[in-house]
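What follows is the content of input21.pdb (PDB, C-alpha atoms).
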```
MODEL        1
ATOM      1  CA  SER E  14      55.165   1.533 -65.016
ATOM      2  CA  GLN E  15      53.589   4.469 -63.267
ATOM      3  CA  GLU E  16      54.622   5.271 -59.706
ATOM      4  CA  LEU E  17      52.999   7.614 -57.244
ATOM      5  CA  GLU E  18      54.886   9.170 -54.376
ATOM      6  CA  GLN E  19      52.978  10.673 -51.483
ATOM      7  CA  SER E  20      54.349  13.101 -48.940
ATOM      8  CA  PRO E  21      54.493  13.284 -46.082
ATOM      9  CA  GLN E  22      54.190   9.642 -45.041
ATOM     10  CA  SER E  23      52.584  10.710 -41.793
ATOM     11  CA  LEU E  24      51.318  13.923 -40.321
ATOM     12  CA  ILE E  25      50.226  14.949 -36.830
ATOM     13  CA  VAL E  26      48.324  18.204 -36.511
ATOM     14  CA  GLN E  27      46.399  20.022 -33.838
ATOM     15  CA  GLU E  28      42.668  20.334 -34.362
ATOM     16  CA  GLY E  29      41.857  23.490 -36.252
ATOM     17  CA  LYS E  30      45.104  23.585 -38.220
ATOM     18  CA  ASN E  31      45.353  23.462 -41.993
ATOM     19  CA  LEU E  32      47.379  20.798 -43.760
ATOM     20  CA  THR E  33      48.457  19.682 -47.222
ATOM     21  CA  ILE E  34      49.242  16.235 -48.621
ATOM     22  CA  ASN E  35      51.054  15.877 -51.926
ATOM     23  CA  CYS E  36      51.003  13.204 -54.606
ATOM     24  CA  THR E  37      53.597  13.171 -57.392
ATOM     25  CA  SER E  38      53.465  10.931 -60.432
ATOM     26  CA  SER E  39      56.314   9.630 -62.550
ATOM     27  CA  LYS E  40      54.081   9.967 -65.637
ATOM     28  CA  THR E  41      51.323  12.247 -66.877
ATOM     29  CA  LEU E  42      48.106  11.543 -65.057
ATOM     30  CA  TYR E  43      45.023  10.637 -67.028
ATOM     31  CA  GLY E  44      42.892  10.720 -63.901
ATOM     32  CA  LEU E  45      43.844  11.327 -60.269
ATOM     33  CA  TYR E  46      41.752   9.957 -57.411
ATOM     34  CA  TRP E  47      41.830  10.800 -53.718
ATOM     35  CA  TYR E  48      40.531   8.360 -51.129
ATOM     36  CA  LYS E  49      40.392   8.200 -47.356
ATOM     37  CA  GLN E  50      40.730   4.937 -45.458
ATOM     38  CA  LYS E  51      40.176   4.056 -41.845
ATOM     39  CA  TYR E  52      42.556   1.307 -40.783
ATOM     40  CA  GLY E  53      41.461  -2.082 -42.092
ATOM     41  CA  GLU E  54      38.393  -0.733 -43.831
ATOM     42  CA  GLY E  55      37.414   0.144 -47.375
ATOM     43  CA  LEU E  56      38.383   3.274 -49.262
ATOM     44  CA  ILE E  57      36.059   6.257 -49.163
ATOM     45  CA  PHE E  58      35.972   8.199 -52.427
ATOM     46  CA  LEU E  59      36.800  11.869 -51.965
ATOM     47  CA  MET E  60      37.445  13.403 -55.380
ATOM     48  CA  MET E  61      38.573  12.711 -58.902
ATOM     49  CA  LEU E  62      40.543  15.188 -61.013
ATOM     50  CA  GLN E  63      41.122  14.919 -64.726
ATOM     51  CA  LYS E  64      42.041  18.258 -66.238
ATOM     52  CA  GLY E  65      45.268  20.188 -65.780
ATOM     53  CA  GLY E  66      44.700  23.029 -63.337
ATOM     54  CA  GLU E  67      41.468  21.479 -62.070
ATOM     55  CA  GLU E  68      40.427  22.134 -58.488
ATOM     56  CA  LYS E  69      37.582  20.528 -56.560
ATOM     57  CA  SER E  70      36.291  21.068 -53.055
ATOM     58  CA  HIS E  71      34.041  19.116 -50.740
ATOM     59  CA  GLU E  72      33.301  20.518 -47.316
ATOM     60  CA  LYS E  73      36.725  21.445 -45.920
ATOM     61  CA  ILE E  74      38.794  19.393 -48.353
ATOM     62  CA  THR E  75      40.212  20.843 -51.583
ATOM     63  CA  ALA E  76      42.155  18.904 -54.197
ATOM     64  CA  LYS E  77      44.125  20.363 -57.090
ATOM     65  CA  LEU E  78      45.817  18.894 -60.149
ATOM     66  CA  ASP E  79      48.704  20.897 -61.583
ATOM     67  CA  GLU E  80      48.790  22.118 -65.171
ATOM     68  CA  LYS E  81      51.269  19.446 -66.246
ATOM     69  CA  LYS E  82      49.054  16.751 -64.696
ATOM     70  CA  GLN E  83      51.886  15.164 -62.739
ATOM     71  CA  GLN E  84      51.248  16.465 -59.262
ATOM     72  CA  SER E  85      48.208  16.776 -57.047
ATOM     73  CA  SER E  86      47.667  18.235 -53.607
ATOM     74  CA  LEU E  87      44.971  17.664 -51.020
ATOM     75  CA  HIS E  88      44.363  20.507 -48.601
ATOM     76  CA  ILE E  89      42.294  20.285 -45.438
ATOM     77  CA  THR E  90      41.174  23.500 -43.821
ATOM     78  CA  ALA E  91      40.510  23.725 -40.073
ATOM     79  CA  SER E  92      41.150  20.028 -39.456
ATOM     80  CA  GLN E  93      38.907  18.011 -37.156
ATOM     81  CA  PRO E  94      39.403  14.623 -35.460
ATOM     82  CA  SER E  95      36.976  13.191 -38.034
ATOM     83  CA  HIS E  96      39.577  13.932 -40.732
ATOM     84  CA  ALA E  97      41.981  11.422 -39.197
ATOM     85  CA  GLY E  98      42.827   8.398 -41.320
ATOM     86  CA  ILE E  99      44.965   7.302 -44.232
ATOM     87  CA  TYR E 100      44.773   9.393 -47.391
ATOM     88  CA  LEU E 101      45.581   7.617 -50.635
ATOM     89  CA  CYS E 102      46.043   8.984 -54.101
ATOM     90  CA  GLY E 103      45.395   6.727 -57.070
ATOM     91  CA  ALA E 104      46.145   7.280 -60.743
ATOM     92  CA  ASP E 105      44.643   6.108 -63.967
ATOM     93  CA  SER E 106      47.348   6.274 -66.618
ATOM     94  CA  GLY E 107      44.835   5.909 -69.414
ATOM     95  CA  GLY E 108      45.089   3.868 -72.578
ATOM     96  CA  SER E 109      44.252   0.206 -72.163
ATOM     97  CA  ASN E 110      45.685  -0.167 -68.671
ATOM     98  CA  TYR E 111      42.289  -0.410 -66.962
ATOM     99  CA  LYS E 112      43.757  -0.148 -63.482
ATOM    100  CA  LEU E 113      44.536   2.333 -60.754
ATOM    101  CA  THR E 114      48.020   2.679 -59.308
ATOM    102  CA  PHE E 115      48.158   3.891 -55.719
ATOM    103  CA  GLY E 116      50.616   5.744 -53.563
ATOM    104  CA  LYS E 117      51.682   4.326 -50.191
ATOM    105  CA  GLY E 118      49.344   6.652 -48.311
ATOM    106  CA  THR E 119      49.624   9.459 -45.767
ATOM    107  CA  LEU E 120      48.603   8.749 -42.189
ATOM    108  CA  LEU E 121      46.895  11.780 -40.690
ATOM    109  CA  THR E 122      46.421  12.164 -36.938
ATOM    110  CA  VAL E 123      44.413  15.097 -35.629
ATOM    111  CA  ASN E 124      44.827  15.817 -31.932
ATOM    112  CA  PRO E 125      41.896  17.457 -30.159
TER     113      PRO E 125
ATOM    114  CA  LYS O  16      21.754   3.816 -53.951
ATOM    115  CA  ALA O  17      23.454   0.804 -52.409
ATOM    116  CA  GLY O  18      27.246   0.849 -52.328
ATOM    117  CA  VAL O  19      29.728  -1.827 -53.272
ATOM    118  CA  THR O  20      29.138  -4.973 -51.230
ATOM    119  CA  GLN O  21      31.864  -7.481 -50.494
ATOM    120  CA  THR O  22      31.294 -10.806 -48.811
ATOM    121  CA  PRO O  23      32.407 -12.220 -46.534
ATOM    122  CA  ARG O  24      33.995  -9.479 -44.439
ATOM    123  CA  TYR O  25      36.379 -11.830 -42.662
ATOM    124  CA  LEU O  26      37.833 -15.219 -43.511
ATOM    125  CA  ILE O  27      40.303 -17.523 -41.852
ATOM    126  CA  LYS O  28      41.718 -20.288 -44.027
ATOM    127  CA  THR O  29      44.449 -22.878 -43.732
ATOM    128  CA  ARG O  30      47.458 -23.080 -46.028
ATOM    129  CA  GLY O  31      46.700 -25.111 -49.114
ATOM    130  CA  GLN O  32      42.981 -24.392 -49.100
ATOM    131  CA  GLN O  33      41.201 -22.291 -51.662
ATOM    132  CA  VAL O  34      38.905 -19.319 -51.145
ATOM    133  CA  THR O  35      36.285 -17.427 -53.138
ATOM    134  CA  LEU O  36      35.472 -13.781 -52.470
ATOM    135  CA  SER O  37      32.445 -11.973 -53.838
ATOM    136  CA  CYS O  38      31.835  -8.402 -54.935
ATOM    137  CA  SER O  39      28.492  -6.852 -55.884
ATOM    138  CA  PRO O  40      29.044  -3.519 -57.643
ATOM    139  CA  ILE O  41      26.864  -0.444 -57.568
ATOM    140  CA  SER O  42      23.823  -0.871 -59.777
ATOM    141  CA  GLY O  43      24.633   0.175 -63.320
ATOM    142  CA  HIS O  44      28.395  -0.188 -62.911
ATOM    143  CA  ARG O  45      29.955  -2.597 -65.379
ATOM    144  CA  SER O  46      33.606  -2.317 -64.388
ATOM    145  CA  VAL O  47      34.851  -4.213 -61.347
ATOM    146  CA  SER O  48      38.466  -4.158 -60.200
ATOM    147  CA  TRP O  49      40.157  -6.148 -57.467
ATOM    148  CA  TYR O  50      43.075  -5.046 -55.284
ATOM    149  CA  GLN O  51      45.170  -6.651 -52.584
ATOM    150  CA  GLN O  52      46.288  -4.461 -49.699
ATOM    151  CA  THR O  53      49.118  -5.429 -47.365
ATOM    152  CA  PRO O  54      51.184  -3.322 -44.959
ATOM    153  CA  GLY O  55      54.359  -3.958 -46.914
ATOM    154  CA  GLN O  56      53.177  -3.596 -50.512
ATOM    155  CA  GLY O  57      50.237  -1.244 -50.152
ATOM    156  CA  LEU O  58      47.443  -1.504 -52.699
ATOM    157  CA  GLN O  59      48.285  -3.827 -55.584
ATOM    158  CA  PHE O  60      46.090  -4.294 -58.640
ATOM    159  CA  LEU O  61      44.853  -7.843 -59.248
ATOM    160  CA  PHE O  62      42.495  -7.659 -62.237
ATOM    161  CA  GLU O  63      39.723  -5.666 -63.873
ATOM    162  CA  TYR O  64      36.550  -6.906 -65.522
ATOM    163  CA  PHE O  65      34.130  -5.110 -67.783
ATOM    164  CA  SER O  66      31.003  -6.772 -69.132
ATOM    165  CA  GLU O  67      32.307 -10.238 -68.203
ATOM    166  CA  THR O  68      35.662  -9.691 -69.960
ATOM    167  CA  GLN O  69      38.971  -9.437 -68.142
ATOM    168  CA  ARG O  70      40.674  -6.359 -69.575
ATOM    169  CA  ASN O  71      43.786  -6.313 -67.423
ATOM    170  CA  LYS O  72      45.612  -8.486 -64.939
ATOM    171  CA  GLY O  73      48.238  -7.531 -62.402
ATOM    172  CA  ASN O  74      51.474  -9.299 -61.557
ATOM    173  CA  PHE O  75      50.081 -12.072 -59.407
ATOM    174  CA  PRO O  76      50.558 -15.825 -59.812
ATOM    175  CA  GLY O  77      48.007 -17.948 -61.616
ATOM    176  CA  ARG O  78      46.587 -19.049 -58.261
ATOM    177  CA  PHE O  79      44.675 -15.792 -58.330
ATOM    178  CA  SER O  80      41.753 -15.803 -60.718
ATOM    179  CA  GLY O  81      38.482 -14.033 -61.142
ATOM    180  CA  ARG O  82      35.358 -13.795 -63.161
ATOM    181  CA  GLN O  83      32.418 -11.520 -63.725
ATOM    182  CA  PHE O  84      28.829 -12.526 -64.251
ATOM    183  CA  SER O  85      26.227 -11.044 -66.562
ATOM    184  CA  ASN O  86      24.778  -9.004 -63.679
ATOM    185  CA  SER O  87      28.267  -7.478 -63.157
ATOM    186  CA  ARG O  88      28.814  -9.272 -59.847
ATOM    187  CA  SER O  89      32.359 -10.531 -59.611
ATOM    188  CA  GLU O  90      34.197 -13.240 -57.755
ATOM    189  CA  MET O  91      37.865 -13.809 -57.191
ATOM    190  CA  ASN O  92      39.375 -17.120 -56.290
ATOM    191  CA  VAL O  93      42.684 -17.925 -54.681
ATOM    192  CA  SER O  94      43.797 -21.546 -54.802
ATOM    193  CA  THR O  95      46.487 -23.283 -52.775
ATOM    194  CA  LEU O  96      46.598 -20.524 -50.196
ATOM    195  CA  GLU O  97      49.927 -19.370 -48.805
ATOM    196  CA  LEU O  98      50.631 -17.430 -45.623
ATOM    197  CA  GLY O  99      51.622 -14.447 -47.753
ATOM    198  CA  ASP O 100      48.114 -14.257 -49.205
ATOM    199  CA  SER O 101      46.877 -12.845 -45.899
ATOM    200  CA  ALA O 102      45.640  -9.394 -46.804
ATOM    201  CA  LEU O 103      42.691  -7.082 -47.183
ATOM    202  CA  TYR O 104      41.080  -7.715 -50.581
ATOM    203  CA  LEU O 105      39.184  -4.758 -51.983
ATOM    204  CA  CYS O 106      36.978  -4.431 -54.993
ATOM    205  CA  ALA O 107      36.013  -1.249 -56.756
ATOM    206  CA  SER O 108      33.199  -0.565 -59.158
ATOM    207  CA  SER O 109      32.733   2.145 -61.757
ATOM    208  CA  THR O 110      30.843   2.746 -64.966
ATOM    209  CA  ASP O 111      34.191   2.424 -66.802
ATOM    210  CA  MET O 112      37.815   3.438 -66.307
ATOM    211  CA  ASN O 113      38.557   7.129 -65.807
ATOM    212  CA  THR O 114      35.248   7.587 -64.029
ATOM    213  CA  GLU O 115      34.545   7.756 -60.319
ATOM    214  CA  ALA O 116      35.487   4.446 -58.710
ATOM    215  CA  PHE O 117      33.910   3.326 -55.436
ATOM    216  CA  PHE O 118      35.328   0.687 -53.132
ATOM    217  CA  GLY O 119      33.704  -1.901 -50.932
ATOM    218  CA  GLN O 120      34.556  -2.504 -47.264
ATOM    219  CA  GLY O 121      36.914  -5.306 -48.207
ATOM    220  CA  THR O 122      37.386  -8.910 -47.189
ATOM    221  CA  ARG O 123      40.044  -9.557 -44.569
ATOM    222  CA  LEU O 124      41.659 -12.907 -45.390
ATOM    223  CA  THR O 125      43.893 -14.551 -42.834
ATOM    224  CA  VAL O 126      45.812 -17.676 -43.837
ATOM    225  CA  VAL O 127      47.120 -19.800 -40.971
TER     226      VAL O 127
ENDMDL
END
```

In structure tokens, how does this file's structure come out?
Amino acid sequence: SQELEQSPQSLIVQEGKNLTINCTSSKTLYGLYWYKQKYGEGLIFLMMLQKGGEEKSHEKITAKLDEKKQQSSLHITASQPSHAGIYLCGADSGGSNYKLTFGKGTLLTVNP
Amino acid sequence: KAGVTQTPRYLIKTRGQQVTLSCSPISGHRSVSWYQQTPGQGLQFLFEYFSETQRNKGNFPGRFSGRQFSNSRSEMNVSTLELGDSALYLCASSTDMNTEAFFGQGTRLTVV
């Protein structure tokens, strides 16, 4: 079965700093999703990547999927306290699985 | 466009009881997936429905069941509740797999 490993598990940064969160899959990714979650709440969709080498940006967040489609990174530029939360990557392994497999999450704290 | 709506937001049940959770997907979305989130296990896939058909089921006991109606609304039912069923239950809707998937706010179930 597919497994996703996220690193780091937690991250504390000073406001204004850049940061990167990584997500590595044990299998080729058919689709890679990034979500943000505030504790105890639902997941907020950030981006979905499908093609090797694909890169998407929204405001100050950029996500990339490597050429081999087994690793993705999420980069936040000039972090703000509003970026704080849990970042989760989810993978669709394609075929007839019809499910997303998620990593354990990265807890981001941004200190003002 | 309205988002994914889950009801109720919070539930407290006693061991042995049963519970039904509801999920109304985004208009036009025919795929609804359910996930259980706990601190220890993270996000675990329960089942996925598309046009009233269950296409995949996760590794949960038969006490967990679900269904989808012709208007794509979905319900999940947990019978004979156990303390370990306490969790945040999330549903996600999409047009199909490998497309953008949006989550609801979740239902927080506490079993006492």

- Give me the result of the PyMOL selection byres ((chain O) within 12 of (chain E)) on this file, residue by residue, as a PyMOL selection string. chain O and resi 18-21+24-25+46-65+68-74+102-109+111-124

For the selection you just gave me, I'd like the residues written to a file as a short mmCIF file (atom, residue, chain, number, x, y, z; two decimals), in the frame of the given file, keeping C-alpha atoms.
```cif
data_model
loop_
_atom_site.label_atom_id
_atom_site.label_comp_id
_atom_site.auth_asym_id
_atom_site.auth_seq_id
_atom_site.Cartn_x
_atom_site.Cartn_y
_atom_site.Cartn_z
CA GLY O 18 27.25 0.85 -52.33
CA VAL O 19 29.73 -1.83 -53.27
CA THR O 20 29.14 -4.97 -51.23
CA GLN O 21 31.86 -7.48 -50.49
CA ARG O 24 33.99 -9.48 -44.44
CA TYR O 25 36.38 -11.83 -42.66
CA SER O 46 33.61 -2.32 -64.39
CA VAL O 47 34.85 -4.21 -61.35
CA SER O 48 38.47 -4.16 -60.20
CA TRP O 49 40.16 -6.15 -57.47
CA TYR O 50 43.08 -5.05 -55.28
CA GLN O 51 45.17 -6.65 -52.58
CA GLN O 52 46.29 -4.46 -49.70
CA THR O 53 49.12 -5.43 -47.36
CA PRO O 54 51.18 -3.32 -44.96
CA GLY O 55 54.36 -3.96 -46.91
CA GLN O 56 53.18 -3.60 -50.51
CA GLY O 57 50.24 -1.24 -50.15
CA LEU O 58 47.44 -1.50 -52.70
CA GLN O 59 48.28 -3.83 -55.58
CA PHE O 60 46.09 -4.29 -58.64
CA LEU O 61 44.85 -7.84 -59.25
CA PHE O 62 42.50 -7.66 -62.24
CA GLU O 63 39.72 -5.67 -63.87
CA TYR O 64 36.55 -6.91 -65.52
CA PHE O 65 34.13 -5.11 -67.78
CA THR O 68 35.66 -9.69 -69.96
CA GLN O 69 38.97 -9.44 -68.14
CA ARG O 70 40.67 -6.36 -69.58
CA ASN O 71 43.79 -6.31 -67.42
CA LYS O 72 45.61 -8.49 -64.94
CA GLY O 73 48.24 -7.53 -62.40
CA ASN O 74 51.47 -9.30 -61.56
CA ALA O 102 45.64 -9.39 -46.80
CA LEU O 103 42.69 -7.08 -47.18
CA TYR O 104 41.08 -7.72 -50.58
CA LEU O 105 39.18 -4.76 -51.98
CA CYS O 106 36.98 -4.43 -54.99
CA ALA O 107 36.01 -1.25 -56.76
CA SER O 108 33.20 -0.56 -59.16
CA SER O 109 32.73 2.14 -61.76
CA ASP O 111 34.19 2.42 -66.80
CA MET O 112 37.82 3.44 -66.31
CA ASN O 113 38.56 7.13 -65.81
CA THR O 114 35.25 7.59 -64.03
CA GLU O 115 34.54 7.76 -60.32
CA ALA O 116 35.49 4.45 -58.71
CA PHE O 117 33.91 3.33 -55.44
CA PHE O 118 35.33 0.69 -53.13
CA GLY O 119 33.70 -1.90 -50.93
CA GLN O 120 34.56 -2.50 -47.26
CA GLY O 121 36.91 -5.31 -48.21
CA THR O 122 37.39 -8.91 -47.19
CA ARG O 123 40.04 -9.56 -44.57
CA LEU O 124 41.66 -12.91 -45.39
#
```

- Message: With distances taken over only C-alpha atoms, which residue among E:Leu42, E:Ala91, E:Leu24, E:Ala97 lies nearest E:Thr119?
- Response: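 For E:Thr119, the nearest of the given residues is E:Leu24.
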
Could you work out an axis-aligned bounding box for all listed atoms of stretch 90-108 of chain O, with 4 Å added on each of the six sides, and give its centre and edge lengths in Å to one decimal, as lines of an AutoDock Vina configuration file?
```
center_x = 42.4
center_y = -11.9
center_z = -52.4
size_x = 26.4
size_y = 30.7
size_z = 21.5
```

- Task: Kindly resolve the PyMOL selection byres ((chain E and resi 40) around 7) on the present coordinates and return the residues as a list in words.
- Result: Gln15, Ser38, Ser39, Thr41, Leu42 and Gln83 of chain E

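Here the PyMOL selection byres ((chain O and resi 94) around 9) matches the residues Gly31, Gln32, Gln33, Val34, Thr35, Gly77, Arg78, Phe79, Ser80, Asn92, Val93, Thr95, Leu96 and Glu97 of chain O.
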
- Residue with smallest distance to O:Val127 - pool O:Ile41, O:Leu26, O:Leu36, O:Leu98, counting only C-alpha atoms: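 Closest to O:Val127 of all the choices is O:Leu98.
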
- Quick one: everything within 8 Å of stretch 27-34 of chain E, counting only C-alpha atoms, minus sequence neighbours fewer than 3 positions away in the same chain. Send it as a PyMOL selection string. chain E and resi 19-21+86-94+119+123-125

- For the point (34.5, -14.4, -66.1) in the file's frame, write as a PyMOL selection string all residues with an atom no more than 10 Å away, counting all atoms listed in the file. chain O and resi 64-69+80-85+87-91

Dump of C-alpha atoms for the selected residues, as a JSON list (two decimals), in the frame of the given file:
```json
[["chain", "number", "residue", "atom", "x", "y", "z"],
["O", 64, "TYR", "CA", 36.55, -6.91, -65.52],
["O", 65, "PHE", "CA", 34.13, -5.11, -67.78],
["O", 66, "SER", "CA", 31.00, -6.77, -69.13],
["O", 67, "GLU", "CA", 32.31, -10.24, -68.20],
["O", 68, "THR", "CA", 35.66, -9.69, -69.96],
["O", 69, "GLN", "CA", 38.97, -9.44, -68.14],
["O", 80, "SER", "CA", 41.75, -15.80, -60.72],
["O", 81, "GLY", "CA", 38.48, -14.03, -61.14],
["O", 82, "ARG", "CA", 35.36, -13.80, -63.16],
["O", 83, "GLN", "CA", 32.42, -11.52, -63.72],
["O", 84, "PHE", "CA", 28.83, -12.53, -64.25],
["O", 85, "SER", "CA", 26.23, -11.04, -66.56],
["O", 87, "SER", "CA", 28.27, -7.48, -63.16],
["O", 88, "ARG", "CA", 28.81, -9.27, -59.85],
["O", 89, "SER", "CA", 32.36, -10.53, -59.61],
["O", 90, "GLU", "CA", 34.20, -13.24, -57.76],
["O", 91, "MET", "CA", 37.86, -13.81, -57.19]]
```

Distance cut-off 10 Å, centre (50.9, 19.2, -64.2) in file coordinates, counting all atoms listed in the file: which residues qualify? Return them as a PDB file with C-alpha atoms, in the coordinates of the input.
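As written to disk, out-v7.pdb reads:
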```pdb
ATOM      1  CA  THR E  37      53.597  13.171 -57.392  1.00  0.00           C
ATOM      2  CA  SER E  38      53.465  10.931 -60.432  1.00  0.00           C
ATOM      3  CA  LYS E  40      54.081   9.967 -65.637  1.00  0.00           C
ATOM      4  CA  THR E  41      51.323  12.247 -66.877  1.00  0.00           C
ATOM      5  CA  LEU E  42      48.106  11.543 -65.057  1.00  0.00           C
ATOM      6  CA  LYS E  64      42.041  18.258 -66.238  1.00  0.00           C
ATOM      7  CA  GLY E  65      45.268  20.188 -65.780  1.00  0.00           C
ATOM      8  CA  GLY E  66      44.700  23.029 -63.337  1.00  0.00           C
ATOM      9  CA  GLU E  67      41.468  21.479 -62.070  1.00  0.00           C
ATOM     10  CA  LYS E  77      44.125  20.363 -57.090  1.00  0.00           C
ATOM     11  CA  LEU E  78      45.817  18.894 -60.149  1.00  0.00           C
ATOM     12  CA  ASP E  79      48.704  20.897 -61.583  1.00  0.00           C
ATOM     13  CA  GLU E  80      48.790  22.118 -65.171  1.00  0.00           C
ATOM     14  CA  LYS E  81      51.269  19.446 -66.246  1.00  0.00           C
ATOM     15  CA  LYS E  82      49.054  16.751 -64.696  1.00  0.00           C
ATOM     16  CA  GLN E  83      51.886  15.164 -62.739  1.00  0.00           C
ATOM     17  CA  GLN E  84      51.248  16.465 -59.262  1.00  0.00           C
ATOM     18  CA  SER E  85      48.208  16.776 -57.047  1.00  0.00           C
TER      19      SER E  85
END
```
